[in-house]
Each structure stands twice: as structure tokens, then as C-alpha cells.
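Novice: Below are the C-alpha cells for one structure; questions will follow.
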Amino acid sequence: MISTNQFKNGMTIELAGALYEIVEFQHVKPGKGGAFVRTKFKKLDTGAVLDKTFRAGEKFEQALLDHKKLQYLYNDGSDYHFMDNATYEQLQLDKNQVGSAADYIVEGMEIDALFHKGNLLNIKPPLAVNLKVTEAEPGIKGDTATGATKLVTLETGLKVQVPLFVNQGDTLKIDTRTGTYIERV
């Protein structure tokens, strides 16, 4: 059990049967009345943000999470197969469990996985990944005065807006948080 005066950003607690990560908190001591803590949480399974206020000294159950490194092995059409780098156990996840991370992972890539009591909460690819362009229309010469962009398809099927000079076969660095082009590698 932890008290509100032990809150830290990034800490995970159990609240009403769900897991929440503390994004931000503030201890407030008004002139009249008791102190309280204003807290902003992020629900781990949905990503929803919640604002809540607690009396100072309230106690909560701290959730203990396991961070594991998994290596992406392959996709058999319906499931994604991963291997735990520490135990060499294989883990099979469906499209819903992988979520949007499927747009950024390629065979052999290492990702971070978050587990609570043996159950997978989510997986996170690296902040930036290098992906090869599989489809790109040629840029039209003289069409660059306005910083024009074009839509290309990457090896994972992700479609990204990129500058006109990017061609098929190029490798691009992509930001996995926003899904945007960073640079050509």
C-alpha cells in the first residue's frame, strides 16, 4: 500500500479494479481545510486520461509491473509470434493485443512488453524505427516550391506522408508515437 504523499510520476496503482499510471500530481494545502492531492492518471488498458482529487494520506494498492524485452519473430496471417529474450519462451498474440504497434514492427525487432500478474498489458516498439519504402510514386520535378509531400507505403503496410525526393527502396526513420516521417536513412 502506498499513500498519496508517496506518489511519483510514472508510478502505477490499482484503482477500482483497473490499472492507472500517474501522469502528473500536485499536493495542495489550502488556507482552510485539509490538504488534498490533484492527480492526472492514464488508464493502462485504454489509454484514457482521468483527473481525480484525493484527501492527503489516502492509501492505494501499488501495481507491480514486469517489463520484458520481446523479439518479434513472424506473423502467420492471424497471429504475431514473439520470443521472450530472457527465457526463450514463445508468445503468440492476436492483432488486437498487438494494436497499432503492428505498423512499426519488422522481423527480428526487439520491443518492450508490459505485464501485470502474467497478463500482457501492452507492447511498445522503439521510439523511432527504420522501415523500407515498398511503394512510392515518383515526385514531379518543379513541384517542390511549397514543400510538397506524397503518400508512400512502407514494408509493414503503414502509409506515411514524405517529401517528394523519397523513392521506392529507400529506408526511412519513422516516429512511432505520431507515425510521421523523421528522415531518410
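The way I read the labels, and the way they are meant: chains A, B, ... in the order of the C-alpha cells, residue 1 as the first residue of every chain, and ligand 1 as the first ligand shown, with later ones counted on from there.
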Using only C-alpha atoms, find each residue in region 91-122 of chain A having at least one atom no more than 8 Å away from region 150-166 of chain A; report its shortest atom-to-atom pair and that distance in Å (one decimal), rows by chain then rising number, as CSV.
Specialist:
residue,atom,partner,partner_atom,distance
A:Ala102,CA,A:Thr156,CA,7.6
A:Asp103,CA,A:Thr156,CA,5.5
A:Tyr104,CA,A:Thr156,CA,6.7
A:Ile105,CA,A:Thr156,CA,7.3
A:Val106,CA,A:Thr156,CA,7.1
Novice: Please extract the residues of chain A with a backbone DSSP assignment of helix (DSSP H, G or I) and present them as a ChimeraX atom specification.
Specialist: /A:4-6,95-103
Novice: Find the residues around Gly57 (chain A) up to 12 Å (only C-alpha atoms counted), leave out those fewer than 6 positions away in its own chain, and share them as a list of chain:residue names.
Specialist: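 These residues fall inside the cut-off: A:Met1, A:Ile2, A:Ser3, A:Thr4, A:Asn5, A:Gln6, A:Phe7, A:His27, A:Gly34, A:Ala35, A:Phe36, A:Val37.
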Novice: How many Å lie between CA of Gln71 (chain A) and CA of Asn167 (chain A), rounded to one decimal?
Specialist: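 Computed distance, CA of Gln71 (chain A) to CA of Asn167 (chain A), equals 29.2 Å.
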Novice: Please report as a tab-separated table every residue of region 39-81 of chain A lying within 12 Å of region 110-121 of chain A, along with the nearest atom pair and their distance in Å (one decimal), using only C-alpha atoms.
Specialist:
residue	atom	partner	partner_atom	distance
A:Lys43	CA	A:Leu121	CA	10.7
A:Leu44	CA	A:Leu121	CA	7.1
A:Asp45	CA	A:Leu121	CA	6.3
A:Thr46	CA	A:Leu121	CA	9.8
A:Gly47	CA	A:Leu121	CA	11.0
A:Gln62	CA	A:His116	CA	11.4
A:Ala63	CA	A:His116	CA	7.6
A:Leu64	CA	A:His116	CA	6.7
A:Leu65	CA	A:His116	CA	4.9
A:Asp66	CA	A:Phe115	CA	5.0
A:His67	CA	A:Leu114	CA	4.9
A:Lys68	CA	A:Ala113	CA	5.2
A:Lys69	CA	A:Asp112	CA	4.9
A:Leu70	CA	A:Ile111	CA	5.4
A:Gln71	CA	A:Glu110	CA	4.4
A:Tyr72	CA	A:Glu110	CA	6.3
A:Leu73	CA	A:Glu110	CA	9.5
Novice: What does the file look like for those residues with N, CA and C atoms, as an mmCIF file, in the first residue's frame?
Specialist:
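Below is the file part.cif, written as the result:
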data_model
loop_
_atom_site.group_PDB
_atom_site.id
_atom_site.type_symbol
_atom_site.label_atom_id
_atom_site.label_comp_id
_atom_site.auth_asym_id
_atom_site.auth_seq_id
_atom_site.Cartn_x
_atom_site.Cartn_y
_atom_site.Cartn_z
ATOM 1 N N LYS A 43 -5.231 5.442 -17.901
ATOM 2 C CA LYS A 43 -5.656 4.054 -17.755
ATOM 3 C C LYS A 43 -4.818 3.206 -18.702
ATOM 4 N N LEU A 44 -4.165 2.172 -18.183
ATOM 5 C CA LEU A 44 -3.197 1.409 -18.973
ATOM 6 C C LEU A 44 -3.830 0.605 -20.102
ATOM 7 N N ASP A 45 -5.016 0.066 -19.925
ATOM 8 C CA ASP A 45 -5.582 -0.768 -20.988
ATOM 9 C C ASP A 45 -6.206 0.040 -22.117
ATOM 10 N N THR A 46 -6.756 1.219 -21.836
ATOM 11 C CA THR A 46 -7.408 2.008 -22.890
ATOM 12 C C THR A 46 -6.633 3.267 -23.268
ATOM 13 N N GLY A 47 -5.780 3.757 -22.369
ATOM 14 C CA GLY A 47 -5.047 4.991 -22.648
ATOM 15 C C GLY A 47 -5.840 6.240 -22.288
ATOM 16 N N GLN A 62 -0.335 -0.453 -4.785
ATOM 17 C CA GLN A 62 0.599 -0.224 -5.885
ATOM 18 C C GLN A 62 0.645 -1.465 -6.764
ATOM 19 N N ALA A 63 0.525 -1.277 -8.072
ATOM 20 C CA ALA A 63 0.567 -2.389 -9.020
ATOM 21 C C ALA A 63 2.016 -2.655 -9.402
ATOM 22 N N LEU A 64 2.423 -3.903 -9.273
ATOM 23 C CA LEU A 64 3.782 -4.275 -9.645
ATOM 24 C C LEU A 64 3.759 -4.799 -11.077
ATOM 25 N N LEU A 65 4.485 -4.143 -11.935
ATOM 26 C CA LEU A 65 4.509 -4.480 -13.352
ATOM 27 C C LEU A 65 5.852 -5.082 -13.730
ATOM 28 N N ASP A 66 5.808 -6.022 -14.663
ATOM 29 C CA ASP A 66 7.027 -6.628 -15.193
ATOM 30 C C ASP A 66 7.288 -6.057 -16.581
ATOM 31 N N HIS A 67 8.498 -5.540 -16.785
ATOM 32 C CA HIS A 67 8.920 -5.070 -18.100
ATOM 33 C C HIS A 67 9.796 -6.163 -18.702
ATOM 34 N N LYS A 68 9.433 -6.624 -19.898
ATOM 35 C CA LYS A 68 10.218 -7.657 -20.564
ATOM 36 C C LYS A 68 10.565 -7.210 -21.973
ATOM 37 N N LYS A 69 11.718 -7.680 -22.437
ATOM 38 C CA LYS A 69 12.132 -7.463 -23.823
ATOM 39 C C LYS A 69 11.674 -8.671 -24.631
ATOM 40 N N LEU A 70 10.924 -8.415 -25.691
ATOM 41 C CA LEU A 70 10.477 -9.479 -26.579
ATOM 42 C C LEU A 70 11.040 -9.229 -27.965
ATOM 43 N N GLN A 71 11.366 -10.303 -28.667
ATOM 44 C CA GLN A 71 11.825 -10.193 -30.050
ATOM 45 C C GLN A 71 10.696 -10.659 -30.956
ATOM 46 N N TYR A 72 10.368 -9.833 -31.961
ATOM 47 C CA TYR A 72 9.316 -10.183 -32.911
ATOM 48 C C TYR A 72 9.880 -11.209 -33.891
ATOM 49 N N LEU A 73 9.217 -12.367 -33.992
ATOM 50 C CA LEU A 73 9.693 -13.432 -34.863
ATOM 51 C C LEU A 73 9.020 -13.400 -36.231
#
Novice: Find the residues around Val98 (chain A) up to 8 Å (only C-alpha atoms counted), leave out those fewer than 4 positions away in its own chain, and share them as a list in words.
Specialist: Tyr80, Leu93, Asp94, Ala102, Asn122 and Ile123 of chain A
Novice: I need the residue nearest Lys8 (chain A) from this list: A:Val129, A:Val28, A:Thr87, A:Phe41. Use only C-alpha atoms for the distance.
Specialist: A:Phe41
Novice: So which one's closest to Ala18 (chain A), A:Asp51, A:Glu137, A:Glu61, A:Asp170? Using only C-alpha atoms, please.
Specialist: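 Ranked by minimum distance to Ala18 (chain A), first place goes to A:Glu61.
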Novice: Using only C-alpha atoms, which protein or nucleic acid residues come within 8 Å of Lys40 (chain A)? Drop anything in the same chain fewer than 5 positions from it, and give the result as number ranges by chain.
Specialist: A: 22-25, 49-52
Novice: Which one of A:Met109, A:Met83, A:Ala48, A:Leu91 sits closest to Leu19 (chain A) if you count only C-alpha atoms?
Specialist: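 Under the stated criterion, the closest residue is A:Ala48.
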Novice: Expressed in Å to a single decimal, how great is the separation between CA of Arg177 (chain A) and CA of Leu127 (chain A)?
Specialist: 6.6 Å
